[in-house]
$ cat target28.txt   # compact mmCIF, C-alpha atoms
# COMPACT_ATOMS: atom_id res chain seq x y z
CA MET A 29 -24.24 -5.86 -8.55
CA SER A 30 -24.52 -2.15 -9.34
CA LEU A 31 -23.82 -1.08 -12.89
CA PHE A 32 -22.91 2.45 -11.78
CA LEU A 33 -19.62 3.84 -10.51
CA GLY A 34 -19.72 5.82 -7.31
CA LYS A 35 -17.23 7.86 -5.29
CA ILE A 36 -16.20 4.80 -3.31
CA HIS A 37 -15.07 3.02 -6.49
CA TYR A 38 -12.89 5.95 -7.59
CA TRP A 39 -11.57 6.21 -4.01
CA LEU A 40 -10.50 2.58 -4.03
CA TYR A 41 -9.11 2.83 -7.57
CA ASN A 42 -6.90 5.72 -6.45
CA LYS A 43 -5.54 3.55 -3.64
CA ILE A 44 -4.61 0.87 -6.17
CA LEU A 45 -2.83 3.44 -8.33
CA LYS A 46 -0.88 4.71 -5.31
CA PHE A 47 0.17 1.14 -4.57
CA GLU A 48 1.22 0.62 -8.19
CA ALA A 49 3.28 3.84 -8.11
CA ILE A 50 5.53 2.17 -5.53
CA GLU A 51 5.84 -0.84 -7.83
CA LYS A 52 6.83 1.42 -10.73
CA ASP A 53 9.61 3.06 -8.71
CA ILE A 54 10.88 -0.35 -7.59
CA VAL A 55 10.97 -1.44 -11.24
CA ASP A 56 12.81 1.74 -12.32
CA TRP A 57 15.36 1.36 -9.51
CA SER A 58 15.86 -2.33 -10.34
CA ARG A 59 16.69 -1.47 -13.96
CA GLN A 60 19.23 1.12 -12.82
CA GLU A 61 20.76 -1.48 -10.50
CA GLY A 62 21.12 -3.93 -13.38
CA LEU A 63 18.72 -6.50 -11.95
CA PRO A 64 16.88 -8.75 -14.44
CA VAL A 65 13.58 -7.02 -13.67
CA ASP A 66 12.26 -7.06 -17.25
CA GLU A 67 12.66 -10.82 -17.31
CA TRP A 68 10.75 -11.04 -14.02
CA LEU A 69 8.01 -8.74 -15.29
CA LYS A 70 7.55 -10.72 -18.46
CA SER A 71 6.69 -13.72 -16.34
CA ASP A 72 4.60 -11.76 -13.83
CA TYR A 73 2.49 -10.02 -16.46
CA LYS A 74 1.47 -13.38 -17.89
CA ILE A 75 0.18 -14.45 -14.48
CA TYR A 76 -0.94 -11.23 -12.77
CA GLU A 77 -1.49 -8.91 -15.77
CA LYS A 78 0.09 -5.48 -16.22
CA PRO A 79 -0.40 -2.49 -13.91
CA LEU A 80 -3.36 -0.20 -14.63
CA GLU A 81 -1.07 2.79 -15.34
CA GLY A 82 -3.67 5.43 -14.55
CA GLU A 83 -6.22 4.61 -17.22
CA PRO A 84 -9.58 6.32 -16.49
CA LEU A 85 -11.58 3.92 -14.36
CA GLU A 86 -14.75 4.23 -16.40
CA ASN A 87 -12.86 3.13 -19.52
CA ILE A 88 -11.53 -0.12 -18.12
CA ILE A 89 -13.73 -1.41 -15.31
CA ASN A 90 -16.20 -4.25 -15.77
CA THR A 91 -19.42 -2.45 -14.84
CA GLY A 92 -21.22 -5.77 -14.66
CA ASN A 93 -18.99 -6.85 -11.76
CA ILE A 94 -17.52 -3.74 -10.17
CA HIS A 95 -16.67 -5.35 -6.83
CA GLY A 96 -15.08 -8.41 -8.43
CA TRP A 97 -13.03 -6.32 -10.86
CA LEU A 98 -11.63 -4.09 -8.10
CA GLN A 99 -10.82 -7.09 -5.90
CA GLN A 100 -9.00 -8.73 -8.79
CA LYS A 101 -6.91 -5.62 -9.41
CA ILE A 102 -5.98 -5.40 -5.72
CA SER A 103 -4.90 -9.05 -5.75
CA GLN A 104 -2.84 -8.62 -8.93
CA SER A 105 -1.14 -5.49 -7.59
CA GLU A 106 -0.30 -7.16 -4.28
CA LEU A 107 1.04 -10.27 -5.99
CA ARG A 108 3.23 -8.32 -8.41
CA GLN A 109 4.73 -6.20 -5.64
CA ALA A 110 5.27 -9.18 -3.32
CA ASP A 111 6.90 -11.18 -6.09
CA LEU A 112 9.13 -8.28 -7.16
CA ILE A 113 10.32 -7.50 -3.64
CA THR A 114 10.91 -11.18 -2.87
CA LYS A 115 13.02 -11.66 -6.01
CA ILE A 116 15.05 -8.53 -5.27
CA LEU A 117 15.83 -9.62 -1.71
CA ASN A 118 16.65 -13.14 -2.89
CA LYS A 119 19.37 -11.52 -4.99
CA ASP A 120 20.76 -9.53 -2.07
CA ASN A 121 19.24 -8.84 1.37
CA ASN A 122 21.15 -5.57 1.46
CA TYR A 123 18.70 -4.20 -1.11
CA GLU A 124 16.23 -3.79 1.75
CA ARG A 125 17.67 -0.34 2.45
CA ASN A 126 16.96 0.75 -1.13
CA LEU A 127 13.40 -0.55 -0.92
CA THR A 128 12.98 1.27 2.39
CA ASP A 129 14.02 4.54 0.73
CA ILE A 130 11.39 4.02 -1.97
CA PHE A 131 8.62 3.39 0.57
CA ILE A 132 9.64 6.44 2.61
CA LYS A 133 9.60 8.58 -0.52
CA HIS A 134 6.08 7.46 -1.39
CA GLY A 135 4.83 8.02 2.14
CA GLN A 136 6.05 11.60 1.89
CA LEU A 137 4.54 12.07 -1.57
CA SER A 138 1.19 10.68 -0.43
CA ALA A 139 1.11 13.17 2.45
CA LYS A 140 1.48 16.00 -0.04
CA ASP A 141 -1.82 14.95 -1.63
CA PHE A 142 -3.43 16.50 1.46
CA ASP A 143 -1.70 19.89 1.16
CA GLY A 144 -3.94 22.54 2.65
CA GLU A 145 -5.64 20.19 5.10
CA SER A 146 -4.82 20.54 8.78
CA PRO A 147 -5.59 17.43 10.81
CA ASP A 148 -6.03 18.36 14.46
CA SER A 149 -6.50 14.98 16.11
CA PRO A 150 -4.91 11.53 15.97
CA GLU A 151 -8.21 10.09 14.73
CA MET A 152 -8.26 12.52 11.82
CA MET A 153 -4.71 11.49 10.96
CA TYR A 154 -5.78 7.84 10.99
CA ASN A 155 -8.75 8.57 8.73
CA MET A 156 -6.51 10.39 6.26
CA LEU A 157 -4.12 7.45 6.29
CA ASN A 158 -6.95 5.09 5.43
CA ASP A 159 -8.08 7.38 2.65
CA ILE A 160 -4.89 6.60 0.78
CA MET A 161 -3.44 3.30 2.06
CA LEU A 162 -4.46 0.13 0.24
CA GLU A 163 -5.85 -2.31 2.79
CA GLY A 164 -8.23 -4.59 0.94
CA MET A 165 -11.83 -3.78 0.09
CA PRO A 166 -13.94 -1.40 2.23
CA CYS A 167 -15.92 -4.38 3.54
CA ASP A 168 -12.82 -6.23 4.81
CA ARG A 169 -12.38 -4.22 8.04
CA PRO A 170 -9.02 -5.74 9.05
CA SER A 171 -8.34 -3.44 12.02
CA THR A 172 -9.84 -2.84 15.46
CA VAL A 173 -9.55 0.44 17.37
CA ILE A 174 -7.95 0.00 20.81
CA LYS A 175 -7.67 3.61 21.95
CA ASN A 176 -8.99 6.92 20.67
CA ASP A 177 -8.53 10.17 22.57
CA ASP A 178 -7.09 13.64 22.07
CA LYS A 179 -3.50 12.44 22.41
CA ALA A 180 -3.37 9.06 20.68
CA PHE A 181 -5.16 6.78 18.26
CA THR A 182 -4.18 3.12 18.55
CA TRP A 183 -5.35 0.25 16.40
CA GLU A 184 -4.61 -3.43 15.94
CA THR A 185 -4.55 -5.36 12.69
CA THR A 186 -6.66 -8.40 13.53
CA VAL A 187 -6.99 -9.81 10.02
CA CYS A 188 -3.97 -10.03 7.71
CA LEU A 189 -5.07 -9.41 4.13
CA HIS A 190 -1.58 -9.73 2.66
CA LYS A 191 -0.08 -13.03 3.84
CA ARG A 192 -1.78 -15.11 1.17
CA TYR A 193 -0.15 -13.03 -1.56
CA TRP A 194 3.31 -13.27 -0.05
CA ASP A 195 2.89 -16.99 0.60
CA GLN A 196 1.88 -17.49 -3.02
CA VAL A 197 5.16 -16.03 -4.29
CA GLY A 198 7.33 -17.67 -1.62
CA GLY A 199 7.93 -14.44 0.26
CA ASN A 200 7.72 -13.32 3.88
CA VAL A 201 4.79 -11.05 4.72
CA GLU A 202 6.75 -9.58 7.63
CA MET A 203 8.85 -7.77 5.03
CA PHE A 204 5.67 -6.17 3.69
CA TYR A 205 4.72 -4.89 7.13
CA LYS A 206 8.24 -3.64 7.76
CA LEU A 207 8.37 -1.68 4.51
CA ARG A 208 4.84 -0.37 4.87
CA GLY A 209 5.67 0.73 8.42
CA HIS A 210 8.29 3.05 6.92
CA TRP A 211 5.67 4.31 4.46
CA VAL A 212 3.14 5.01 7.22
CA LYS A 213 5.71 6.75 9.43
CA ALA A 214 6.81 9.00 6.56
CA PHE A 215 3.20 9.75 5.67
CA ILE A 216 2.12 10.67 9.21
CA GLU A 217 5.18 12.71 10.09
CA THR A 218 5.18 14.58 6.78
CA LEU A 219 1.45 15.27 6.96
CA ASN A 220 1.79 16.93 10.35
CA PRO A 221 5.08 16.98 12.32
CA ASN A 222 3.07 17.48 15.52
CA TYR A 223 2.26 13.76 15.36
CA LYS A 224 4.40 10.64 15.25
CA TYR A 225 3.77 7.06 14.25
CA GLU A 226 4.72 4.22 16.58
CA LYS A 227 4.64 0.45 16.19
CA ILE A 228 3.91 -0.84 19.69
CA LYS A 229 3.74 -4.53 18.79
CA PRO A 230 3.99 -6.26 15.40
CA TYR A 231 0.31 -5.63 14.67
CA VAL A 232 -0.48 -2.78 17.09
CA GLN A 233 0.20 0.74 15.87
CA SER A 234 -0.43 4.22 17.18
CA ILE A 235 -0.53 7.83 16.02
CA VAL A 236 0.53 10.03 18.94
CA GLU A 237 0.63 13.76 19.42
CA VAL A 238 4.21 14.90 20.01
$ encode --input "target28.txt" --output "structure tokens"
Amino acid sequence: MSLFLGKIHYWLYNKILKFEAIEKDIVDWSRQEGLPVDEWLKSDYKIYEKPLEGEPLENIINTGNIHGWLQQKISQSELRQADLITKILNKDNNYERNLTDIFIKHGQLSAKDFDGESPDSPEMMYNMLNDIMLEGMPCDRPSTVIKNDDKAFTWETTVCLHKRYWDQVGGNVEMFYKLRGHWVKAFIETLNPNYKYEKIKPYVQSIVEV
């Protein structure tokens, strides 16, 4: 295992931080709503550890096992978010609309990270999406391209990297895909309004020129 950090490690670390930013907003909203989120977090942090909170990567990573450390942090982040969302919805299913608003907000914010860039093809939009969306490790390759032309880029998720986390906390992974679908739609359509995001089937998605 390499003892040196490269661009790919910082790239992946940034994805984890983006994912944790959604968690932070869910926590803040839960407190405002009067939910017992601090009690939940006390339990979660004992099992899944605390969020990274933007600490410089070089100060905290295990350089003797870079791959293993990053995989562990992805797993912990996914488990915390799945557990938090599941507990919120167990309190009241109507909270889904509040969670949706949070995911939409973060999709829009993530698009603004690319201010100044002008994607001019569906494929470029897809590549920008994958530059910022947490979807396992780079070696996981969970998606297969179905169509790629000047008008549309369509892909299918053939390997679900998230179900095991949601199963572990007694949640439903379909809620993850539903909420993330709102995030992706907000990201794509904020990044460039000349494109739209469509979910064709549960695991088949497309970026289409308007």
$ residues_near_point --input "target28.txt" --point "(-20.4, -1.1, -15.2)" --cutoff "6 Å" --atoms "all atoms listed in the file" --output "list in words"
Leu31, Phe32, Asn90, Thr91 and Gly92 of chain A
$ closest_atom_pairs --input "target28.txt" --of "range 155-180 of chain A" --to "range 203-220 of chain A" --cutoff "10 Å" --atoms "all atoms listed in the file" --output "Markdown table"
| residue | atom | partner | partner_atom | distance |
| --- | --- | --- | --- | --- |
| A:Met156 | CA | A:Ile216 | CA | 9.1 |
| A:Leu157 | CA | A:Ile216 | CA | 7.6 |
| A:Ile160 | CA | A:Phe215 | CA | 10.0 |
| A:Met161 | CA | A:Val212 | CA | 8.5 |
$ residues_near_point --input "target28.txt" --point "(13.2, -6.0, -6.7)" --cutoff "10 Å" --atoms "all atoms listed in the file" --output "PDB file with C-alpha atoms, in the frame of the given file"
ATOM      1  CA  GLU A  51       5.840  -0.840  -7.830  1.00  0.00           C
ATOM      2  CA  ASP A  53       9.610   3.060  -8.710  1.00  0.00           C
ATOM      3  CA  ILE A  54      10.880  -0.350  -7.590  1.00  0.00           C
ATOM      4  CA  VAL A  55      10.970  -1.440 -11.240  1.00  0.00           C
ATOM      5  CA  ASP A  56      12.810   1.740 -12.320  1.00  0.00           C
ATOM      6  CA  TRP A  57      15.360   1.360  -9.510  1.00  0.00           C
ATOM      7  CA  SER A  58      15.860  -2.330 -10.340  1.00  0.00           C
ATOM      8  CA  ARG A  59      16.690  -1.470 -13.960  1.00  0.00           C
ATOM      9  CA  GLU A  61      20.760  -1.480 -10.500  1.00  0.00           C
ATOM     10  CA  LEU A  63      18.720  -6.500 -11.950  1.00  0.00           C
ATOM     11  CA  PRO A  64      16.880  -8.750 -14.440  1.00  0.00           C
ATOM     12  CA  VAL A  65      13.580  -7.020 -13.670  1.00  0.00           C
ATOM     13  CA  TRP A  68      10.750 -11.040 -14.020  1.00  0.00           C
ATOM     14  CA  GLN A 109       4.730  -6.200  -5.640  1.00  0.00           C
ATOM     15  CA  ALA A 110       5.270  -9.180  -3.320  1.00  0.00           C
ATOM     16  CA  ASP A 111       6.900 -11.180  -6.090  1.00  0.00           C
ATOM     17  CA  LEU A 112       9.130  -8.280  -7.160  1.00  0.00           C
ATOM     18  CA  ILE A 113      10.320  -7.500  -3.640  1.00  0.00           C
ATOM     19  CA  THR A 114      10.910 -11.180  -2.870  1.00  0.00           C
ATOM     20  CA  LYS A 115      13.020 -11.660  -6.010  1.00  0.00           C
ATOM     21  CA  ILE A 116      15.050  -8.530  -5.270  1.00  0.00           C
ATOM     22  CA  LEU A 117      15.830  -9.620  -1.710  1.00  0.00           C
ATOM     23  CA  ASN A 118      16.650 -13.140  -2.890  1.00  0.00           C
ATOM     24  CA  LYS A 119      19.370 -11.520  -4.990  1.00  0.00           C
ATOM     25  CA  ASP A 120      20.760  -9.530  -2.070  1.00  0.00           C
ATOM     26  CA  TYR A 123      18.700  -4.200  -1.110  1.00  0.00           C
ATOM     27  CA  GLU A 124      16.230  -3.790   1.750  1.00  0.00           C
ATOM     28  CA  ASN A 126      16.960   0.750  -1.130  1.00  0.00           C
ATOM     29  CA  LEU A 127      13.400  -0.550  -0.920  1.00  0.00           C
TER      30      LEU A 127
END
$ residues_around --input "target28.txt" --residues "Trp39 in chain A" --least-positions-apart "2" --cutoff "12 Å" --atoms "all atoms listed in the file" --output "MDAnalysis selection string"
chainID A and resid 33:37 41:46 85 98 158:162 165:166
$ closest_residue --input "target28.txt" --among "A:Phe131, A:Tyr193, A:Trp183, A:Phe142" --to "Ala49 in chain A" --atoms "all atoms listed in the file"
A:Phe131
$ atom_distance --input "target28.txt" --atom1 "CA of Asp178 in chain A" --atom2 "CA of Ser146 in chain A"
15.1 Å
$ atom_distance --input "target28.txt" --atom1 "CA of Ala139 in chain A" --atom2 "CA of Tyr223 in chain A"
13.0 Å
$ atom_distance --input "target28.txt" --atom1 "CA of Leu189 in chain A" --atom2 "CA of Asn122 in chain A"
26.6 Å
$ closest_residue --input "target28.txt" --among "A:Leu40, A:Ile228, A:Cys167, A:Ile88" --to "Phe181 in chain A" --atoms "only C-alpha atoms"
A:Ile228
$ closest_residue --input "target28.txt" --among "A:Ile50, A:Glu151, A:Gln99, A:Glu226" --to "Gly135 in chain A" --atoms "only C-alpha atoms"
A:Ile50
